[in-house]
$ cat my_file-v3.tsv   # TSV, C-alpha atoms and all ligand atoms
chain	number	residue	atom	x	y	z
A	409	MET	CA	94.35	82.23	71.73
A	410	HIS	CA	95.15	82.47	75.43
A	411	LYS	CA	92.52	83.72	77.75
A	412	PRO	CA	94.11	86.56	79.73
A	413	TYR	CA	96.39	84.58	82.05
A	414	SER	CA	93.63	82.54	83.57
A	415	GLU	CA	96.19	79.70	83.65
A	416	THR	CA	98.15	81.60	86.30
A	417	ILE	CA	95.04	82.14	88.44
A	418	GLU	CA	93.96	78.51	88.04
A	419	LEU	CA	97.38	77.20	89.04
A	420	ALA	CA	97.59	79.60	92.00
A	421	LYS	CA	94.22	78.30	93.16
A	422	ALA	CA	95.33	74.68	92.86
A	423	LEU	CA	98.39	75.46	95.00
A	424	ILE	CA	96.43	77.37	97.65
A	425	GLN	CA	94.18	74.34	97.93
A	426	CYS	CA	97.14	72.35	99.34
A	427	PRO	CA	97.45	73.09	103.09
A	428	SER	CA	101.25	73.34	102.98
A	429	VAL	CA	101.96	74.77	106.42
A	430	THR	CA	105.75	74.88	106.82
A	431	PRO	CA	107.64	72.57	106.38
A	432	ASN	CA	104.87	70.54	104.75
A	433	ASP	CA	104.76	70.67	100.94
A	434	ALA	CA	101.31	69.03	100.79
A	435	ASN	CA	101.77	67.95	97.18
A	436	CYS	CA	102.42	71.41	95.71
A	437	GLN	CA	105.74	70.39	94.19
A	438	ALA	CA	104.15	67.42	92.45
A	439	ILE	CA	101.74	69.83	90.75
A	440	LEU	CA	104.65	72.02	89.61
A	441	ALA	CA	106.80	69.05	88.56
A	442	LYS	CA	104.01	67.68	86.38
A	443	ARG	CA	103.76	70.96	84.47
A	444	LEU	CA	107.53	71.22	84.07
A	445	GLU	CA	107.94	67.62	82.99
A	446	LYS	CA	105.53	68.29	80.13
A	447	LEU	CA	107.84	71.08	78.98
A	448	GLY	CA	110.84	68.76	78.88
A	449	PHE	CA	112.37	69.60	82.24
A	450	SER	CA	114.41	66.97	84.08
A	451	ILE	CA	112.94	66.65	87.56
A	452	TYR	CA	114.94	65.96	90.71
A	453	SER	CA	113.19	65.48	94.02
A	454	LEU	CA	115.63	66.34	96.83
A	455	PRO	CA	114.09	65.68	100.23
A	456	PHE	CA	116.16	66.51	103.32
A	457	GLY	CA	114.68	65.64	106.71
A	458	ASP	CA	110.97	66.49	106.62
A	459	VAL	CA	111.49	69.04	103.86
A	460	GLN	CA	110.58	68.55	100.19
A	461	ASN	CA	112.76	70.24	97.60
A	462	LEU	CA	112.42	70.30	93.85
A	463	TRP	CA	115.16	70.98	91.33
A	464	ALA	CA	114.13	71.04	87.68
A	465	ILE	CA	116.21	72.01	84.68
A	466	ARG	CA	115.74	72.28	80.92
A	467	SER	CA	118.65	73.10	78.63
A	468	SER	CA	118.67	74.30	75.05
A	469	LEU	CA	121.54	75.91	73.18
A	470	PRO	CA	124.67	76.89	75.13
A	471	GLY	CA	124.13	79.91	77.35
A	472	PRO	CA	123.51	81.06	80.91
A	473	LEU	CA	121.47	79.22	83.52
A	474	PHE	CA	118.49	81.24	84.69
A	475	VAL	CA	116.58	79.98	87.72
A	476	PHE	CA	113.21	80.75	89.26
A	477	ALA	CA	113.39	80.12	93.01
A	478	GLY	CA	110.65	79.98	95.58
A	479	HIS	CA	108.85	78.14	98.33
A	480	THR	CA	105.66	76.11	98.53
A	481	ASP	CA	105.34	76.30	102.32
A	482	VAL	CA	103.19	78.90	104.02
A	483	VAL	CA	102.89	80.27	107.55
A	484	PRO	CA	100.02	78.92	109.70
A	485	ALA	CA	96.58	80.36	109.05
A	486	GLY	CA	96.20	81.87	112.52
A	487	ASN	CA	92.74	82.36	113.97
A	488	LEU	CA	90.27	80.81	111.50
A	489	ASN	CA	87.50	83.08	112.78
A	490	ASP	CA	89.42	86.06	111.44
A	491	TRP	CA	89.25	84.70	107.87
A	492	ALA	CA	86.29	85.77	105.74
A	493	THR	CA	86.77	82.58	103.67
A	494	PRO	CA	88.67	79.42	104.71
A	495	PRO	CA	92.44	79.94	104.25
A	496	PHE	CA	92.98	76.84	102.11
A	497	THR	CA	89.90	77.33	99.96
A	498	PRO	CA	90.98	79.75	97.24
A	499	SER	CA	88.27	82.32	96.63
A	500	ILE	CA	87.96	85.24	94.28
A	501	ASN	CA	86.18	88.30	95.54
A	502	GLY	CA	86.18	91.36	93.29
A	503	GLU	CA	89.71	92.00	92.03
A	504	TYR	CA	91.43	89.74	94.54
A	505	LEU	CA	92.30	86.09	95.02
A	506	TYR	CA	92.18	85.14	98.71
A	507	GLY	CA	93.89	82.30	100.53
A	508	ARG	CA	96.95	81.51	102.64
A	509	GLY	CA	99.97	81.81	100.37
A	510	ALA	CA	98.17	83.82	97.67
A	511	ALA	CA	100.88	86.50	97.87
A	512	ASP	CA	103.63	84.60	99.73
A	513	MET	CA	104.25	82.95	97.36
A	514	LYS	CA	101.97	80.59	95.50
A	515	GLY	CA	100.85	83.36	93.16
A	516	SER	CA	104.46	83.91	92.12
A	517	LEU	CA	105.06	80.17	91.65
A	518	ALA	CA	102.06	79.99	89.35
A	519	ALA	CA	103.29	83.01	87.38
A	520	MET	CA	106.77	81.45	87.02
A	521	ILE	CA	105.32	78.24	85.61
A	522	THR	CA	102.92	79.83	83.14
A	523	ALA	CA	105.53	82.38	82.03
A	524	THR	CA	107.92	79.51	81.34
A	525	GLU	CA	105.21	77.60	79.45
A	526	ARG	CA	104.52	80.60	77.25
A	527	PHE	CA	108.20	81.29	76.69
A	528	ILE	CA	108.99	77.70	75.67
A	529	GLU	CA	105.91	77.55	73.47
A	530	HIS	CA	107.23	80.54	71.52
A	531	PHE	CA	110.95	79.78	71.73
A	532	PRO	CA	111.50	76.06	72.21
A	533	ASN	CA	115.20	76.43	71.32
A	534	SER	CA	116.42	79.50	73.17
A	535	HIS	CA	119.94	79.96	74.49
A	536	GLY	CA	120.84	78.71	77.92
A	537	SER	CA	118.94	76.75	80.52
A	538	ILE	CA	115.95	77.38	82.75
A	539	GLY	CA	115.86	75.95	86.26
A	540	PHE	CA	113.37	75.82	89.13
A	541	LEU	CA	114.63	75.66	92.72
A	542	ILE	CA	111.61	75.12	94.96
A	543	THR	CA	111.60	74.31	98.69
A	544	SER	CA	109.05	73.73	101.44
A	545	ASP	CA	111.35	75.14	104.12
A	546	GLU	CA	111.46	78.91	103.72
A	547	GLU	CA	109.01	80.02	106.39
A	548	GLY	CA	110.46	77.66	109.00
A	549	LEU	CA	114.01	76.85	110.04
A	550	ALA	CA	115.40	77.11	106.49
A	551	GLU	CA	117.96	74.43	107.32
A	552	ASN	CA	116.91	71.66	104.91
A	553	GLY	CA	115.71	73.76	102.04
A	554	THR	CA	117.43	76.08	99.58
A	555	VAL	CA	120.72	75.96	101.48
A	556	LYS	CA	120.91	72.18	100.95
A	557	VAL	CA	119.85	72.33	97.30
A	558	VAL	CA	122.55	74.91	96.63
A	559	GLU	CA	125.06	72.50	98.20
A	560	TYR	CA	123.76	69.74	95.92
A	561	LEU	CA	124.08	71.97	92.85
A	562	LYS	CA	127.65	72.89	93.79
A	563	ASN	CA	128.53	69.21	94.10
A	564	GLN	CA	127.03	68.63	90.65
A	565	GLY	CA	129.16	71.44	89.25
A	566	ILE	CA	126.04	73.48	88.41
A	567	LYS	CA	126.32	77.24	88.70
A	568	ILE	CA	123.30	79.51	88.55
A	569	ASN	CA	124.06	82.69	86.60
A	570	TYR	CA	120.81	84.56	87.16
A	571	CYS	CA	118.00	83.98	89.61
A	572	ILE	CA	114.66	85.53	90.45
A	573	VAL	CA	113.17	84.68	93.83
A	574	GLY	CA	109.41	85.23	93.76
A	575	GLU	CA	109.10	86.80	97.20
A	576	PRO	CA	106.39	89.45	97.46
A	577	THR	CA	108.43	92.62	97.12
A	578	ALA	CA	105.99	95.16	95.72
A	579	ARG	CA	104.64	98.12	97.64
A	580	ASP	CA	101.48	98.62	95.57
A	581	GLN	CA	101.72	96.45	92.47
A	582	ALA	CA	104.03	93.86	90.96
A	583	GLY	CA	106.92	95.54	89.22
A	584	ASP	CA	107.15	98.63	91.42
A	585	THR	CA	109.97	97.27	93.61
A	586	ILE	CA	112.89	94.89	93.11
A	587	LYS	CA	114.92	93.73	96.06
A	588	ASN	CA	118.53	93.49	94.97
A	589	GLY	CA	119.90	92.71	98.41
A	590	ARG	CA	118.99	91.99	101.97
A	591	ARG	CA	120.56	92.88	105.26
A	592	GLY	CA	122.19	90.24	107.39
A	593	SER	CA	120.82	89.21	110.77
A	594	LEU	CA	122.85	88.51	113.93
A	595	ASN	CA	121.30	87.33	117.20
A	596	GLY	CA	123.28	87.79	120.38
A	597	ILE	CA	123.05	87.23	124.11
A	598	LEU	CA	124.96	89.46	126.49
A	599	LYS	CA	125.09	88.08	130.01
A	600	ILE	CA	126.22	90.61	132.59
A	601	LEU	CA	127.39	89.00	135.80
A	602	GLY	CA	126.99	90.33	139.35
A	603	LYS	CA	126.70	88.86	142.82
A	604	GLN	CA	123.42	87.79	144.33
A	605	GLY	CA	122.40	89.27	147.67
A	606	HIS	CA	119.70	90.91	149.84
A	607	VAL	CA	118.38	94.25	148.57
A	608	ALA	CA	118.76	95.59	152.13
A	609	TYR	CA	122.49	94.89	152.08
A	610	PRO	CA	123.58	96.08	148.62
A	611	GLU	CA	127.15	96.58	149.84
A	612	LYS	CA	127.43	92.81	150.11
A	613	ALA	CA	126.09	92.18	146.59
A	614	ASP	CA	126.85	93.41	143.08
A	615	ASN	CA	123.74	94.36	141.13
A	616	PRO	CA	124.06	93.32	137.45
A	617	ILE	CA	120.93	95.33	136.53
A	618	HIS	CA	122.48	98.55	137.76
A	619	ARG	CA	125.71	97.66	136.02
A	620	ALA	CA	123.84	97.05	132.76
A	621	LEU	CA	121.94	100.34	132.59
A	622	LEU	CA	124.59	102.68	131.20
A	623	PRO	CA	126.30	100.25	128.80
A	624	LEU	CA	122.98	99.04	127.37
A	625	ASN	CA	121.91	102.65	126.97
A	626	GLU	CA	125.12	103.35	125.09
A	627	LEU	CA	124.69	100.29	122.85
A	628	SER	CA	121.11	101.28	122.04
A	629	HIS	CA	122.22	104.74	120.86
A	630	HIS	CA	125.42	103.83	119.10
A	631	VAL	CA	125.73	104.55	115.37
A	632	TRP	CA	127.30	101.43	113.87
A	633	ASP	CA	127.84	102.71	110.34
A	634	GLN	CA	126.35	105.12	107.83
A	635	GLY	CA	125.00	102.53	105.40
A	636	ASN	CA	125.88	102.88	101.74
A	637	GLU	CA	124.34	103.46	98.32
A	638	PHE	CA	122.23	100.30	98.60
A	639	PHE	CA	121.77	99.73	102.33
A	640	PRO	CA	120.44	101.75	105.25
A	641	PRO	CA	122.65	101.99	108.38
A	642	THR	CA	123.02	98.87	110.52
A	643	THR	CA	120.47	98.71	113.35
A	644	PHE	CA	120.77	97.28	116.86
A	645	GLN	CA	117.66	96.30	118.80
A	646	ILE	CA	117.32	94.80	122.26
A	647	ALA	CA	114.73	92.02	122.06
A	648	ASN	CA	114.62	90.97	125.71
A	649	ILE	CA	116.14	91.74	129.10
A	650	ASN	CA	115.86	89.19	131.82
A	651	ALA	CA	117.09	89.25	135.43
A	652	GLY	CA	115.65	88.84	138.87
A	653	THR	CA	114.63	85.81	140.87
A	654	GLY	CA	110.97	86.76	141.23
A	655	ALA	CA	111.43	87.86	144.82
A	656	THR	CA	111.27	91.58	145.58
A	657	ASN	CA	114.10	91.47	148.10
A	658	VAL	CA	116.80	89.78	146.05
A	659	ILE	CA	119.54	91.32	143.96
A	660	PRO	CA	119.98	88.81	141.12
A	661	ALA	CA	123.26	87.21	140.14
A	662	ALA	CA	123.07	87.99	136.44
A	663	LEU	CA	121.24	89.91	133.74
A	664	GLU	CA	120.69	88.45	130.30
A	665	CYS	CA	120.07	90.69	127.32
A	666	GLN	CA	119.01	89.35	123.90
A	667	PHE	CA	119.74	91.59	120.97
A	668	ASN	CA	119.61	91.57	117.17
A	669	PHE	CA	121.60	93.36	114.50
A	670	ARG	CA	120.25	93.90	111.01
A	671	PHE	CA	123.51	94.64	109.29
A	672	ASN	CA	124.59	95.85	105.88
A	673	THR	CA	127.62	95.15	103.70
A	674	GLU	CA	129.71	97.83	105.43
A	675	VAL	CA	130.31	95.60	108.45
A	676	THR	CA	130.74	91.93	109.36
A	677	PRO	CA	129.51	90.01	112.41
A	678	GLU	CA	133.09	89.98	113.71
A	679	ILE	CA	133.38	93.76	113.40
A	680	LEU	CA	130.07	94.28	115.23
A	681	ILE	CA	131.00	91.96	118.11
A	682	GLU	CA	134.40	93.63	118.40
A	683	LYS	CA	132.67	97.03	118.56
A	684	ILE	CA	130.40	95.83	121.37
A	685	LYS	CA	133.43	94.63	123.31
A	686	ASN	CA	135.16	97.97	122.84
A	687	LEU	CA	132.06	99.87	123.96
A	688	LEU	CA	131.71	97.68	127.07
A	689	GLN	CA	135.38	97.88	127.98
A	690	PRO	CA	135.33	101.17	129.99
A	691	TYR	CA	132.56	99.82	132.25
A	692	GLY	CA	134.72	97.09	133.73
A	693	LEU	CA	131.96	94.50	133.51
A	694	GLN	CA	132.15	90.79	133.95
A	695	TYR	CA	130.20	89.37	131.08
A	696	ALA	CA	129.75	86.59	128.56
A	697	LEU	CA	128.87	87.38	124.95
A	698	ASN	CA	127.50	84.77	122.52
A	699	TYR	CA	126.06	85.19	119.07
A	700	THR	CA	124.83	83.37	115.99
A	701	VAL	CA	124.50	84.71	112.46
A	702	SER	CA	121.14	83.73	110.99
A	703	GLY	CA	121.84	85.32	107.64
A	704	TYR	CA	124.62	87.14	105.84
A	705	PRO	CA	123.77	90.18	103.72
A	706	PHE	CA	123.85	89.96	99.97
A	707	LEU	CA	123.88	92.53	97.23
A	708	THR	CA	123.35	92.20	93.51
A	709	GLU	CA	124.84	95.27	91.89
A	710	PRO	CA	123.42	96.66	88.65
A	711	GLY	CA	124.27	94.24	85.85
A	712	VAL	CA	122.67	91.92	83.31
A	713	LEU	CA	119.88	90.63	85.59
A	714	LEU	CA	118.89	93.96	87.10
A	715	SER	CA	118.84	95.55	83.65
A	716	ALA	CA	116.59	92.79	82.32
A	717	CYS	CA	114.22	92.96	85.31
A	718	THR	CA	114.04	96.74	85.17
A	719	GLU	CA	113.38	96.72	81.43
A	720	ALA	CA	110.70	94.05	81.84
A	721	CYS	CA	108.90	95.98	84.59
A	722	GLU	CA	109.06	99.19	82.58
A	723	ALA	CA	107.59	97.43	79.55
A	724	ILE	CA	104.77	95.69	81.42
A	725	VAL	CA	103.69	98.08	84.18
A	726	ASN	CA	105.03	101.30	82.70
A	727	SER	CA	107.10	102.41	85.65
A	728	THR	CA	110.72	102.09	86.70
A	729	PRO	CA	110.99	99.78	89.70
A	730	ALA	CA	112.64	101.03	92.88
A	731	LEU	CA	115.61	99.05	94.18
A	732	SER	CA	115.36	98.07	97.81
A	733	THR	CA	117.29	96.05	100.39
A	734	ASN	CA	114.97	96.38	103.39
A	735	GLY	CA	112.79	93.76	105.06
A	736	GLY	CA	113.68	90.42	106.63
A	737	THR	CA	115.94	87.73	105.27
A	738	SER	CA	115.05	85.47	102.32
A	739	ASP	CA	116.44	82.40	100.57
A	740	ALA	CA	118.29	84.65	98.13
A	741	ARG	CA	120.98	84.80	100.82
A	742	PHE	CA	121.83	81.14	100.12
A	743	ILE	CA	121.92	81.55	96.35
A	744	ALA	CA	123.99	84.76	96.10
A	745	PRO	CA	127.22	83.18	97.45
A	746	MET	CA	127.40	80.96	94.31
A	747	GLY	CA	128.34	84.15	92.49
A	748	THR	CA	124.78	84.37	91.18
A	749	GLU	CA	123.10	87.63	90.24
A	750	VAL	CA	119.92	87.22	92.29
A	751	VAL	CA	116.95	89.51	92.91
A	752	GLU	CA	113.54	89.18	94.47
A	753	LEU	CA	110.62	90.25	92.33
A	754	GLY	CA	107.04	89.42	93.21
A	755	PRO	CA	103.59	90.79	94.04
A	756	CYS	CA	102.43	93.27	96.68
A	757	ASN	CA	103.37	92.30	100.23
A	758	ALA	CA	100.63	94.20	102.09
A	759	THR	CA	98.79	91.12	103.40
A	760	ILE	CA	101.55	88.51	103.68
A	761	HIS	CA	101.41	86.40	106.86
A	762	CYS	CA	98.11	88.17	107.74
A	763	THR	CA	94.67	86.64	107.93
A	764	ASN	CA	92.73	87.14	104.67
A	765	GLU	CA	95.98	87.09	102.68
A	766	SER	CA	95.26	88.12	99.11
A	767	VAL	CA	96.79	88.99	95.79
A	768	LYS	CA	95.33	91.20	93.11
A	769	ILE	CA	94.37	89.15	90.06
A	770	SER	CA	95.70	91.76	87.65
A	771	GLU	CA	99.03	91.59	89.49
A	772	LEU	CA	99.37	87.91	88.73
A	773	SER	CA	98.83	88.71	85.07
A	774	SER	CA	101.44	91.44	85.02
A	775	LEU	CA	103.85	89.31	87.04
A	776	THR	CA	103.50	86.49	84.49
A	777	LYS	CA	104.24	88.95	81.68
A	778	ILE	CA	107.23	90.40	83.55
A	779	TYR	CA	108.72	86.94	84.15
A	780	GLU	CA	108.14	85.99	80.51
A	781	ARG	CA	109.82	89.18	79.34
A	782	VAL	CA	112.83	88.57	81.59
A	783	LEU	CA	113.24	85.10	80.04
A	784	GLN	CA	113.18	86.67	76.59
A	785	LEU	CA	115.72	89.33	77.53
A	786	LEU	CA	118.13	86.89	79.15
A	787	LEU	CA	117.87	83.84	76.94
A	788	LEU	CA	117.21	85.13	73.44
A	789	ALA	CA	120.41	87.16	73.19
A	790	LYS	CA	123.61	85.15	73.20
A	791	GLU	CA	125.80	88.02	74.36
A	792	ASN	CA	124.28	87.65	77.82
A	793	GLU	CA	126.26	84.48	78.32
A	801	ZN	ZN	107.93	84.02	101.19
$ encode --input "my_file-v3.tsv" --output "structure tokens"
Amino acid sequence: MHKPYSETIELAKALIQCPSVTPNDANCQAILAKRLEKLGFSIYSLPFGDVQNLWAIRSSLPGPLFVFAGHTDVVPAGNLNDWATPPFTPSINGEYLYGRGAADMKGSLAAMITATERFIEHFPNSHGSIGFLITSDEEGLAENGTVKVVEYLKNQGIKINYCIVGEPTARDQAGDTIKNGRRGSLNGILKILGKQGHVAYPEKADNPIHRALLPLNELSHHVWDQGNEFFPPTTFQIANINAGTGATNVIPAALECQFNFRFNTEVTPEILIEKIKNLLQPYGLQYALNYTVSGYPFLTEPGVLLSACTEACEAIVNSTPALSTNGGTSDARFIAPMGTEVVELGPCNATIHCTNESVKISELSSLTKIYERVLQLLLLAKENE
């Protein structure tokens, strides 16, 4: 007889104990690999640069490949004096487990492992395959993590059919929210050029700050699209404006404006940049415009995976999860382009990246049950192939 999911709590504690500040894995993946190896998984360690990645797979009868994805790295603890208990000493107080990574996302990793253990114990010969794609590079640059493992999988001819990323998505409790997409993110720099001069002789200069005022105002109010069924409208935010030489009597030569778009699936980076150019055109500016896309949007439309996740949440926590696409980017953006149905489903995100990060112990139990139920729904019925 299982004690009520104490295995999940114990494993979460063991992971929190490892000070895996990004991109350091601090031995977390070895702990996970050991558990998976016991279940008959083939283990592949895929380090890139200073990043540790783990790919593990276990196949049974023919069928779809379902993958749990996540990260072992955590953000820095911040000011230690603001922690009631040390960030890398897991501690239970009342209904909560405290520690850096408790919610983002060592609790989820623990739930994935114990759910898989329980599933395989009951159904050692299910249909399909179960995989684990774990990185230590989600909170940092995200250049040597999931994106590289996905490349490796493609080269191996492996295609993930369904994937749950264990990011903390819940508003109040695990199972109340599923993220079935994320907006894209575009960072840009608009440099408006003028001519440097003395403030007392403005006729001999060309003030780029004055030139910038009306067009930047227009950009900040522009409606880029209306959003759609799954996404809110695209947003534009100015993150920084910089000009001036430091002297009070100088008109500067240029103004630099940093901006960010969080964009939905109605537009593309190219469309947004073209729109900026069109909006700037009537102002007759001299400018340079550069941008980088740090993440493309993805969307998993209702289908096999969303049905299974919704059904599992309804069965375990008795409420229908809301679908959401808000928040920052996540590694799901690298997995979706394989043609994978991918969602994020994890615990409450109220304390993530904060001091005294915590996760409710009962949430880890329900999350384990939800993951286990999803495995049953996806891998016990052959027609899901
Ligand atoms: Zn995370």
$ residues_near_ligand --input "my_file-v3.tsv" --ligand "ligand ZN 801 (chain A)" --cutoff "6 Å" --atoms "all atoms listed in the file" --output "PyMOL selection string"
chain A and resi 512-513+575
$ residues_around --input "my_file-v3.tsv" --residues "Ile528 (chain A)" --least-positions-apart "3" --cutoff "12 Å" --atoms "only C-alpha atoms" --output "list in words"
Leu444, Lys446, Leu447, Gly448, Phe449, Arg466, Ser467, Ser468, Ile521, Thr522, Ala523, Thr524, Glu525, Phe531, Pro532, Asn533, Ser534, His535, Ser537, Ile538, Glu780, Leu783, Gln784, Leu787 and Leu788 of chain A
$ closest_residue --input "my_file-v3.tsv" --among "A:Phe540, A:Tyr609, A:Phe667, A:Tyr506" --to "Thr700 (chain A)" --atoms "all atoms listed in the file"
A:Phe667
$ residues_around --input "my_file-v3.tsv" --residues "Pro495 (chain A)" --least-positions-apart "3" --cutoff "8 Å" --atoms "only C-alpha atoms" --output "list in words"
Ala485, Leu488, Trp491, Pro498, Tyr506, Gly507, Arg508, Thr763 and Asn764 of chain A
$ write_last_selection --input "my_file-v3.tsv" --atoms "C-alpha atoms" --output "PDB file, keeping the file's coordinate frame"
ATOM      1  CA  ALA A 485      96.580  80.360 109.050  1.00  0.00           C
ATOM      2  CA  LEU A 488      90.270  80.810 111.500  1.00  0.00           C
ATOM      3  CA  TRP A 491      89.250  84.700 107.870  1.00  0.00           C
ATOM      4  CA  PRO A 498      90.980  79.750  97.240  1.00  0.00           C
ATOM      5  CA  TYR A 506      92.180  85.140  98.710  1.00  0.00           C
ATOM      6  CA  GLY A 507      93.890  82.300 100.530  1.00  0.00           C
ATOM      7  CA  ARG A 508      96.950  81.510 102.640  1.00  0.00           C
ATOM      8  CA  THR A 763      94.670  86.640 107.930  1.00  0.00           C
ATOM      9  CA  ASN A 764      92.730  87.140 104.670  1.00  0.00           C
TER      10      ASN A 764
END
$ residues_around --input "my_file-v3.tsv" --residues "region 640-642 of chain A" --least-positions-apart "2" --cutoff "9 Å" --atoms "only C-alpha atoms" --output "list of chain:residue names"
A:Arg591, A:Val631, A:Trp632, A:Asp633, A:Gln634, A:Gly635, A:Asn636, A:Glu637, A:Phe638, A:Phe644, A:Phe669, A:Arg670, A:Phe671, A:Asn672, A:Glu674, A:Val675, A:Thr733, A:Asn734
$ write_last_selection --input "my_file-v3.tsv" --atoms "C-alpha atoms" --output "PDB file, keeping the file's coordinate frame"
ATOM      1  CA  ARG A 591     120.560  92.880 105.260  1.00  0.00           C
ATOM      2  CA  VAL A 631     125.730 104.550 115.370  1.00  0.00           C
ATOM      3  CA  TRP A 632     127.300 101.430 113.870  1.00  0.00           C
ATOM      4  CA  ASP A 633     127.840 102.710 110.340  1.00  0.00           C
ATOM      5  CA  GLN A 634     126.350 105.120 107.830  1.00  0.00           C
ATOM      6  CA  GLY A 635     125.000 102.530 105.400  1.00  0.00           C
ATOM      7  CA  ASN A 636     125.880 102.880 101.740  1.00  0.00           C
ATOM      8  CA  GLU A 637     124.340 103.460  98.320  1.00  0.00           C
ATOM      9  CA  PHE A 638     122.230 100.300  98.600  1.00  0.00           C
ATOM     10  CA  PHE A 644     120.770  97.280 116.860  1.00  0.00           C
ATOM     11  CA  PHE A 669     121.600  93.360 114.500  1.00  0.00           C
ATOM     12  CA  ARG A 670     120.250  93.900 111.010  1.00  0.00           C
ATOM     13  CA  PHE A 671     123.510  94.640 109.290  1.00  0.00           C
ATOM     14  CA  ASN A 672     124.590  95.850 105.880  1.00  0.00           C
ATOM     15  CA  GLU A 674     129.710  97.830 105.430  1.00  0.00           C
ATOM     16  CA  VAL A 675     130.310  95.600 108.450  1.00  0.00           C
ATOM     17  CA  THR A 733     117.290  96.050 100.390  1.00  0.00           C
ATOM     18  CA  ASN A 734     114.970  96.380 103.390  1.00  0.00           C
TER      19      ASN A 734
END
$ residues_near_point --input "my_file-v3.tsv" --point "(102.1, 97.3, 100.8)" --cutoff "10 Å" --atoms "all atoms listed in the file" --output "PyMOL selection string"
chain A and resi 576-581+755-760
$ write_last_selection --input "my_file-v3.tsv" --atoms "C-alpha atoms" --output "compact mmCIF listing (two decimals), in the frame of the given file"
# COMPACT_ATOMS: atom_id res chain seq x y z
CA PRO A 576 106.39 89.45 97.46
CA THR A 577 108.43 92.62 97.12
CA ALA A 578 105.99 95.16 95.72
CA ARG A 579 104.64 98.12 97.64
CA ASP A 580 101.48 98.62 95.57
CA GLN A 581 101.72 96.45 92.47
CA PRO A 755 103.59 90.79 94.04
CA CYS A 756 102.43 93.27 96.68
CA ASN A 757 103.37 92.30 100.23
CA ALA A 758 100.63 94.20 102.09
CA THR A 759 98.79 91.12 103.40
CA ILE A 760 101.55 88.51 103.68
$ decode --input "my_file-v3.tsv" --residues "region 710-741 of chain A" --atoms "C-alpha atoms" --output "short mmCIF file (atom, residue, chain, number, x, y, z; two decimals), in the first residue's frame"
data_model
loop_
_atom_site.label_atom_id
_atom_site.label_comp_id
_atom_site.auth_asym_id
_atom_site.auth_seq_id
_atom_site.Cartn_x
_atom_site.Cartn_y
_atom_site.Cartn_z
CA PRO A 710 -8.07 21.13 -28.78
CA GLY A 711 -7.22 17.53 -29.65
CA VAL A 712 -6.11 14.26 -28.10
CA LEU A 713 -3.71 15.77 -25.54
CA LEU A 714 -5.94 18.61 -24.38
CA SER A 715 -8.87 16.22 -24.03
CA ALA A 716 -6.78 13.84 -21.92
CA CYS A 717 -5.40 16.63 -19.71
CA THR A 718 -8.83 18.19 -19.24
CA GLU A 719 -10.40 14.83 -18.39
CA ALA A 720 -7.59 14.06 -15.94
CA CYS A 721 -7.94 17.40 -14.15
CA GLU A 722 -11.71 17.01 -13.96
CA ALA A 723 -11.34 13.54 -12.47
CA ILE A 724 -8.70 14.49 -9.90
CA VAL A 725 -9.53 18.04 -8.79
CA ASN A 726 -13.18 18.12 -9.80
CA SER A 727 -13.06 21.23 -11.94
CA THR A 728 -12.64 21.98 -15.62
CA PRO A 729 -9.28 23.64 -16.22
CA ALA A 730 -9.15 27.01 -17.94
CA LEU A 731 -7.08 27.26 -21.11
CA SER A 732 -4.58 30.09 -21.13
CA THR A 733 -1.82 31.47 -23.34
CA ASN A 734 -0.58 34.35 -21.16
CA GLY A 735 2.69 34.72 -19.28
CA GLY A 736 6.28 34.63 -20.49
CA THR A 737 7.89 32.18 -22.88
CA SER A 738 8.69 28.55 -22.00
CA ASP A 739 10.54 25.61 -23.52
CA ALA A 740 7.29 24.39 -25.06
CA ARG A 741 8.10 26.82 -27.87
#
